[in-house]
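What follows is one structure encoded as structure tokens, with my remarks underneath.
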Amino acid sequence: MTSIHFRRPLMAAFALILLGVSATARAETIDTSARQAIIIDYKTGSVLLEKNADELMVPSSMTKLMTAYLVFEKLKEGSWKLSDQLPVSETTWKKHVKSGGSLMFLPVNSTASVDDLIHGMIIQSGNDACSVLAEAYAGSEESFGDEMTRRARLLGMKNTNFRNASGLPESDHLTTARDLSTLARRLINDYPEYFPIYSQREFVFNGIKQGNRNPLLYAVSGADGLKTGHTEAAGYGLVGTVKRGDRRVIMVINGMKSMKERAEESARLVEWAFREFENYALFKAGDVVTDAEVWLGDAATVPLVAGDKLEATMPRKARRDMKVTAVYDGPIAAPIRKGQPVGKLVIAAPGINTVELPLLAGADVEKLGFMGRMTAALKHILWGSKG
């Protein structure tokens, strides 16, 4: 049966039944035709699927997620406003007008608001919009690429190097599926006020209406982002996210052979992630997990409480085989202060990585006075008691 164990390395172990019935349980396995792929749970960060997730790949227009992240930061800190007008330089116009890439169709030597440029970048995937934003931010797109890379490292994107703001093919402009999932999670978390733009299906600028290229928005319930990408070298890619109820999953796939394959494969993988996995709230911060014996304290025991909220993502069937182990060196010597780290809670189940949560003392326990310590020592000598 599913059980909670209390393991005290210096003493004998003992166990207590928690809930459920034992069973061998794993999520139904699934393969993908994507060259690189990863699916994570937004709330817990658990990886549900990965394939070549750390393999270097060309990010194509999925690059624009980092451009947006830096622009959103400018808006949040107040140095830019949505109404600010930014110039469309001849350099930018010439770079993109004959490139064959996706455009917002900004006229040369015109201006456009930051608001319109953001919508053009996200919905229309405008490479020209990205260059205008990059030049206004850093003076040149090359300098902006350096800043993108620097910030990527700070976000934990260890294997990413950006050379431009739009994702046009350029040597050493590379990332990984895992790094893009990290970026997507941070973008959703850090800038919820701008995230809804990603779910808009169309945008009109300069009299030209263009639709959002994200296939999930048109076919999958709860889909609300994020960004497609395509170059000949990379194939068809997508950073997608879907929210249903309290759950959100983030998916990165790349290397698909066609738009049709990208649409069908992304929808199939998302449905699998919601069907096979669920989030389970195991402990809230402050929940009492067990009581530990105290050595030479004015109380015989001290409650051990969860230091943080613990929610785990696991295959739906795996919960029946979940094992929860409290690990601490006991008895715990007084004095003990409430909130003092005294051990850890280890959660293990088939199909998930082991999760650890700090265990804290739930109360103060003072050290016994001289006579109390003498009495405890005598009892230990005579009967082996440690109380």
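FYI, nothing fancy with the structure tokens labels: chains A, B, ... in order, residues from 1 per chain, ligands from 1 as they appear.
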For stretch 160-177 of chain A: contacts at 9 Å, only C-alpha atoms, fewer than 6 positions along chain excluded, given as JSON, numbers by chain: {"A": [36, 37, 38, 50, 51, 52, 53, 54, 55, 56, 57, 58, 59, 60, 61, 62, 63, 64, 66, 67, 101, 121, 125, 126, 127, 128, 129, 130, 131, 133, 134, 141, 142, 143, 144, 145, 146, 147, 148, 149, 150, 152, 153, 229, 231, 233, 239, 251, 252, 253, 254]}
Restricted to C-alpha atoms, what would the selected residues look like written as a CSV table (one decimal), in the first residue's frame?
chain,number,residue,atom,x,y,z
A,36,GLN,CA,13.6,17.6,-30.4
A,37,ALA,CA,10.8,17.8,-27.8
A,38,ILE,CA,10.0,18.5,-24.2
A,50,GLU,CA,11.7,14.7,-23.4
A,51,LYS,CA,13.5,13.8,-26.6
A,52,ASN,CA,16.9,15.2,-27.5
A,53,ALA,CA,15.9,18.1,-25.2
A,54,ASP,CA,19.5,19.3,-24.7
A,55,GLU,CA,20.5,18.9,-28.4
A,56,LEU,CA,21.4,22.2,-30.0
A,57,MET,CA,18.9,23.4,-32.5
A,58,VAL,CA,17.9,26.4,-34.5
A,59,PRO,CA,15.1,28.3,-32.7
A,60,SER,CA,13.8,30.1,-35.8
A,61,SER,CA,10.9,32.5,-34.9
A,62,MET,CA,10.7,31.0,-31.4
A,63,THR,CA,13.6,33.4,-30.8
A,64,LYS,CA,10.9,36.1,-30.5
A,66,MET,CA,13.2,36.3,-25.7
A,67,THR,CA,12.7,39.5,-27.6
A,101,GLY,CA,10.6,36.1,-44.0
A,121,MET,CA,5.9,40.5,-33.4
A,125,SER,CA,5.6,37.1,-36.4
A,126,GLY,CA,7.0,40.2,-38.0
A,127,ASN,CA,10.8,40.1,-38.3
A,128,ASP,CA,10.8,43.8,-39.1
A,129,ALA,CA,9.0,44.6,-35.8
A,130,CYS,CA,11.7,42.7,-33.9
A,131,SER,CA,14.5,44.7,-35.5
A,133,LEU,CA,12.4,47.0,-31.0
A,134,ALA,CA,16.0,45.7,-30.9
A,141,GLU,CA,20.4,44.3,-33.4
A,142,GLU,CA,23.8,42.8,-32.9
A,143,SER,CA,24.1,44.5,-29.4
A,144,PHE,CA,20.5,43.3,-28.7
A,145,GLY,CA,21.5,39.8,-29.5
A,146,ASP,CA,24.4,40.0,-27.0
A,147,GLU,CA,21.9,41.2,-24.3
A,148,MET,CA,19.5,38.4,-25.2
A,149,THR,CA,22.2,35.9,-24.6
A,150,ARG,CA,23.3,37.5,-21.4
A,152,ALA,CA,19.2,33.9,-21.3
A,153,ARG,CA,22.0,32.8,-19.0
A,229,GLY,CA,9.0,28.8,-35.8
A,231,THR,CA,13.4,27.7,-41.2
A,233,ALA,CA,17.5,24.1,-41.3
A,239,VAL,CA,6.5,26.5,-28.2
A,251,MET,CA,5.5,22.0,-24.9
A,252,VAL,CA,8.4,22.6,-27.2
A,253,ILE,CA,8.7,20.6,-30.4
A,254,ASN,CA,11.0,21.2,-33.3
What are the closest atom pairs, with distances in Å to one decimal, for all residues of stretch 62-88 of chain A lying within 7 Å of stretch 111-114 of chain A? Consider only C-alpha atoms, order rows by chain and residue number, and present the result as a Markdown table.
| residue | atom | partner | partner_atom | distance |
| --- | --- | --- | --- | --- |
| A:Leu82 | CA | A:Val114 | CA | 4.9 |
| A:Ser83 | CA | A:Ser113 | CA | 5.4 |
| A:Asp84 | CA | A:Ser113 | CA | 5.3 |
| A:Gln85 | CA | A:Ser113 | CA | 4.3 |
| A:Leu86 | CA | A:Thr111 | CA | 5.2 |
| A:Pro87 | CA | A:Thr111 | CA | 4.4 |
| A:Val88 | CA | A:Thr111 | CA | 5.6 |
Selection to disk with N, CA and C atoms, as a PDB file, in the first residue's frame:
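Everything below was put into selection-v7.pdb:
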ATOM      1  N   LEU A  82       3.501  51.663 -23.817  1.00  0.00           N
ATOM      2  CA  LEU A  82       2.888  51.071 -25.008  1.00  0.00           C
ATOM      3  C   LEU A  82       2.652  52.112 -26.094  1.00  0.00           C
ATOM      4  N   SER A  83       2.437  53.355 -25.689  1.00  0.00           N
ATOM      5  CA  SER A  83       2.150  54.414 -26.654  1.00  0.00           C
ATOM      6  C   SER A  83       3.396  55.022 -27.289  1.00  0.00           C
ATOM      7  N   ASP A  84       4.590  54.682 -26.786  1.00  0.00           N
ATOM      8  CA  ASP A  84       5.824  55.232 -27.345  1.00  0.00           C
ATOM      9  C   ASP A  84       5.940  54.884 -28.831  1.00  0.00           C
ATOM     10  N   GLN A  85       6.375  55.854 -29.629  1.00  0.00           N
ATOM     11  CA  GLN A  85       6.573  55.659 -31.066  1.00  0.00           C
ATOM     12  C   GLN A  85       8.051  55.382 -31.346  1.00  0.00           C
ATOM     13  N   LEU A  86       8.323  54.288 -32.044  1.00  0.00           N
ATOM     14  CA  LEU A  86       9.699  53.909 -32.361  1.00  0.00           C
ATOM     15  C   LEU A  86       9.930  54.025 -33.866  1.00  0.00           C
ATOM     16  N   PRO A  87      11.113  54.480 -34.276  1.00  0.00           N
ATOM     17  CA  PRO A  87      11.391  54.709 -35.704  1.00  0.00           C
ATOM     18  C   PRO A  87      11.719  53.419 -36.457  1.00  0.00           C
ATOM     19  N   VAL A  88      11.258  53.376 -37.697  1.00  0.00           N
ATOM     20  CA  VAL A  88      11.594  52.266 -38.600  1.00  0.00           C
ATOM     21  C   VAL A  88      12.738  52.743 -39.479  1.00  0.00           C
TER      22      VAL A  88
END
Tell me which protein, DNA and RNA residues are within 12 Å of A:Pro192, counting only C-alpha atoms, leaving out same-chain ones fewer than 6 positions away, and put them as a ChimeraX atom specification. /A:69,72-73,76,184-186,198
Using DSSP on the backbone coordinates, identify the residues of stretch 171-225 of chain A assigned to alpha helix (DSSP H); present them as a list of chain:residue names. A:Ala177, A:Arg178, A:Asp179, A:Leu180, A:Ser181, A:Thr182, A:Leu183, A:Ala184, A:Arg185, A:Arg186, A:Leu187, A:Ile188, A:Asn189, A:Asp190, A:Leu216, A:Leu217, A:Tyr218, A:Ala219
Who sits within 10 Å of A:Ile347, only C-alpha atoms, same chain under 5 positions skipped, as a list in words: Ile4, Leu282, Leu310, Ala312, Met322, Lys323, Val324, Thr325, Ala326, Ile352, Asn353, Thr354, Val355, Glu356 and Leu357 of chain A
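Note that atom CA of A:Gln200 and atom CA of A:His119 are 8.9 Å apart.
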